[in-house]
Amino acid sequence: MGKTLTNRRYYEQKIIQFPRNTLPKEKARLYLNTAFNNNVNYSKHSILGYPGTIPLAASIEALIKFLALNANNIGTHTRIESEAGFKGTQGLERQCIAMVGHLFRADNFANKIDGYLNSGGTEGNIMGLWILRNYFRKLYSATPVCFKTALTHYSIQKAMNLLYLDKVQVLKSNSLFEIDLGDLEARVRELFARGVRYFVVIATLGYTVTGSIDRIESINRLINRLNRELGVIIKIHLDAAHGGFIYPFLTKNRYGFNLRHVYTMSLDAHKLGLVPYSCGIFLCRKHLQRFIETNVDYIKSHFDDTLCGSRSGAIAASLWAAITSLGMVGYRRIYNKCLASKLYLIKELKRKNINCWYYTNDSMNIICVEFNGLRDNRLSEKIEQKYGLNLAQVPFSESTRNVYKIVLMPHVKGTTIDEFVRDVCSEHREIGRTNPSFG
């Protein structure tokens with residue numbers, strides 16, 4: 001991706017054994033500089049396919065400052081008193097959970113939710129299903145049936161594998177790449193007739209490839225009705241890894257823990273939260289983490305209720321700095337710029353008469369595009385690498401579409417979009433009118 005150093009002989013001699021002595025400074029510097037230049041640099045490269053961007057300067061500054069303290073924020077600081085030596089970063093994390101919880105309608109924070117900062121969406125999704133599995137086992141002596149779609153993030157499959165959740169139903173998606181509510185209701189009724197009473201719906205706020213958003217409020221209303229009519233118990237885990245840090249800023253209709261059946265949630269701040277990796281956020285209703293507590297005699301709380309255990313307190317400082325340096329107004333301004341970039345890309349694709357199909361959600365910075373004028377709908381490898389794009393298949397109606405996920409992150413400039421459209425134009429073998437499907 002980047003321009004590498006001319007002298008690569010040391011770098012090409014890969015270190016595969018633990019060095020006996022100190023590596024010479026010049027050699028170490030060459031290794032590190034070459035590795036640095038072989039990474040994407042969002043400030044220099046034309047990246048459209050990755051959901052990462054340049055972190056805020058305030059966030060980086062706080063991270064570097066607190067890394068020197070090497071703080072361990074083990075435990076969930078919204079519900080336990082942990083190691084006395086790290087009260088500062090524990091307090092910052094507690095405030096972060098409260099502020100992010102407020103975005104998702106946990107207005108009475110102290111009595112409503114718990115949560116902790118973690119490695120990212122995968123850990124948060126595993127946590128959510130781990131808690132819900134144990135919740136149903138402990139209270140109802142049952143293992144729930146889990147509902148997902150073909151678009152659900154692959155980490156859910158990991159979680160199901162780890163947790164032996166083998167009762168899985170793959171729901172249909174509608175034309176807007178959302179959970180098909182009719183299919184969900186039909187399957188609950190069918191399983192109810194077979195004696196099943198307990199379910200988990202894995203909903204998504206910003207699917208990875210399409211950026212689509214499940215109708216969480218409609219799902220919650222459907223669950224209310226099915227609960228009244230059938231007596232079934234259904235809980236929602238919300239994967240908001242991508243959409244959690246954009247959707248609440250761009251809509252007046254914020255939802256989350258105000259909905260009765262939303263129990264657990266996973267977000268990523270290292271995407272649109274503008275914080276360095278790794279900074280995931282797990283949220284759940286108050287005291288649900290008791291269902292996964294592990295006894296630990298040698299820490300102050302005498303138990304741990306997280307998946308990762310020990311973790312850096314510097315991440316809490318980094319997220320706190322980002323949130324407080326921008327606020328609602330600052331984040332909204334940045335996200336509106338992302339949406340403006342997305343609309344500009346769509347306008348240019350139309351203006352150039354590029355033969356393509358596309359989908360986007362109005363409140364998301366993702367557009368998935370199928371280039372119908374290209375062989376196998378595929379751009380050349382050179383263009384894919386230049387922009388960090390990967391072809392993916394998504395189910396659509398009774399078939400599939402070959403699409404590229406284009407993510408309009410804050411670093412994307414208008415000149416990058418212009419260059420991308422020119423590159424696409426140069427590759428098209430068939431130029432015709434666009435065939436838009438705009439959701």
# chains A, B, ... in the order shown; residues from 1 in each chain; ligands from 1
call {"tool": "select_by_dssp", "arguments": {"residues": "stretch 340-369 of chain A", "states": "alpha helix (DSSP H)", "output": "short mmCIF file (atom, residue, chain, number, x, y, z; two decimals) with N, CA and C atoms, in the first residue's frame"}}
result
data_model
loop_
_atom_site.label_atom_id
_atom_site.label_comp_id
_atom_site.auth_asym_id
_atom_site.auth_seq_id
_atom_site.Cartn_x
_atom_site.Cartn_y
_atom_site.Cartn_z
N ALA A 340 -22.81 13.14 3.10
CA ALA A 340 -22.67 13.98 1.92
C ALA A 340 -21.72 13.34 0.91
N SER A 341 -20.65 12.71 1.39
CA SER A 341 -19.72 12.01 0.50
C SER A 341 -20.41 10.85 -0.20
N LYS A 342 -21.27 10.14 0.55
CA LYS A 342 -22.00 9.01 -0.03
C LYS A 342 -22.94 9.49 -1.14
N LEU A 343 -23.66 10.57 -0.89
CA LEU A 343 -24.58 11.09 -1.90
C LEU A 343 -23.82 11.61 -3.12
N TYR A 344 -22.65 12.16 -2.90
CA TYR A 344 -21.83 12.63 -4.02
C TYR A 344 -21.38 11.45 -4.88
N LEU A 345 -21.00 10.34 -4.25
CA LEU A 345 -20.61 9.15 -5.00
C LEU A 345 -21.79 8.64 -5.84
N ILE A 346 -22.96 8.57 -5.25
CA ILE A 346 -24.15 8.12 -5.98
C ILE A 346 -24.43 9.04 -7.16
N LYS A 347 -24.34 10.35 -6.94
CA LYS A 347 -24.58 11.31 -8.01
C LYS A 347 -23.60 11.12 -9.16
N GLU A 348 -22.33 10.87 -8.83
CA GLU A 348 -21.32 10.70 -9.88
C GLU A 348 -21.51 9.39 -10.63
N LEU A 349 -21.91 8.34 -9.95
CA LEU A 349 -22.19 7.07 -10.64
C LEU A 349 -23.33 7.26 -11.63
N LYS A 350 -24.34 8.02 -11.25
CA LYS A 350 -25.45 8.30 -12.15
C LYS A 350 -25.01 9.19 -13.31
N ARG A 351 -24.25 10.23 -12.97
CA ARG A 351 -23.86 11.20 -14.00
C ARG A 351 -23.01 10.56 -15.09
#
call {"tool": "closest_atom_pairs", "arguments": {"of": "stretch 183-296 of chain A", "to": "stretch 81-96 of chain A", "cutoff": "12 Å", "atoms": "only C-alpha atoms", "output": "JSON lines"}}
result
{"residue": "A:Ala269", "atom": "CA", "partner": "A:Cys96", "partner_atom": "CA", "distance": 10.8}
{"residue": "A:Gly273", "atom": "CA", "partner": "A:Cys96", "partner_atom": "CA", "distance": 11.8}
{"residue": "A:Cys279", "atom": "CA", "partner": "A:Glu93", "partner_atom": "CA", "distance": 11.3}
{"residue": "A:Gly280", "atom": "CA", "partner": "A:Cys96", "partner_atom": "CA", "distance": 11.5}
{"residue": "A:Ile281", "atom": "CA", "partner": "A:Cys96", "partner_atom": "CA", "distance": 9.2}
{"residue": "A:Phe282", "atom": "CA", "partner": "A:Cys96", "partner_atom": "CA", "distance": 11.2}
{"residue": "A:Leu283", "atom": "CA", "partner": "A:Cys96", "partner_atom": "CA", "distance": 11.1}
{"residue": "A:Val296", "atom": "CA", "partner": "A:Ser82", "partner_atom": "CA", "distance": 11.5}
call {"tool": "write_last_selection", "arguments": {"atoms": "C-alpha atoms", "output": "mmCIF file, in the first residue's frame"}}
result
data_model
loop_
_atom_site.group_PDB
_atom_site.id
_atom_site.type_symbol
_atom_site.label_atom_id
_atom_site.label_comp_id
_atom_site.auth_asym_id
_atom_site.auth_seq_id
_atom_site.Cartn_x
_atom_site.Cartn_y
_atom_site.Cartn_z
ATOM 1 C CA ALA A 269 -15.844 2.815 18.946
ATOM 2 C CA GLY A 273 -16.217 6.515 17.307
ATOM 3 C CA CYS A 279 -12.186 -0.272 21.541
ATOM 4 C CA GLY A 280 -15.396 -2.262 21.576
ATOM 5 C CA ILE A 281 -18.287 -1.584 23.936
ATOM 6 C CA PHE A 282 -20.603 -4.148 25.491
ATOM 7 C CA LEU A 283 -23.867 -3.050 27.109
ATOM 8 C CA VAL A 296 -11.557 -15.173 41.458
#
call {"tool": "residues_around", "arguments": {"residues": "A:Leu319", "least_positions_apart": "3", "cutoff": "7 Å", "atoms": "only C-alpha atoms", "output": "PyMOL selection string"}}
result
chain A and resi 59+275+315-316+322-323
call {"tool": "residues_around", "arguments": {"residues": "A:Ala203", "least_positions_apart": "5", "cutoff": "9 Å", "atoms": "only C-alpha atoms", "output": "list of chain:residue names"}}
result
A:Phe147, A:Lys148, A:Thr149, A:Thr152, A:Glu178, A:Ile179, A:Ile213, A:Asp214, A:Arg215, A:Ile216, A:Ile219, A:Ile236, A:His237, A:Leu238, A:Asp239, A:Ala240
call {"tool": "write_last_selection", "arguments": {"atoms": "C-alpha atoms", "output": "CSV table (one decimal), in the first residue's frame"}}
result
chain,number,residue,atom,x,y,z
A,147,PHE,CA,-32.6,-16.4,14.9
A,148,LYS,CA,-30.2,-14.8,12.5
A,149,THR,CA,-30.0,-14.0,8.8
A,152,THR,CA,-25.5,-11.5,10.2
A,178,GLU,CA,-33.7,-6.4,6.9
A,179,ILE,CA,-35.0,-9.3,8.9
A,213,ILE,CA,-30.7,-1.8,9.7
A,214,ASP,CA,-33.2,-4.2,11.2
A,215,ARG,CA,-36.5,-2.7,12.3
A,216,ILE,CA,-35.8,-3.1,16.0
A,219,ILE,CA,-39.3,-6.6,16.1
A,236,ILE,CA,-33.0,-9.4,21.5
A,237,HIS,CA,-29.2,-9.1,21.1
A,238,LEU,CA,-28.4,-6.0,19.1
A,239,ASP,CA,-25.2,-6.1,17.0
A,240,ALA,CA,-24.5,-2.3,16.6
call {"tool": "closest_residue", "arguments": {"among": "A:Phe109, A:Phe303, A:Phe257, A:Phe249", "to": "A:Ser363", "atoms": "only C-alpha atoms"}}
result
A:Phe249
call {"tool": "closest_residue", "arguments": {"among": "A:Thr210, A:Thr122, A:Asp423, A:Ala317", "to": "A:Glu370", "atoms": "only C-alpha atoms"}}
result
A:Thr210
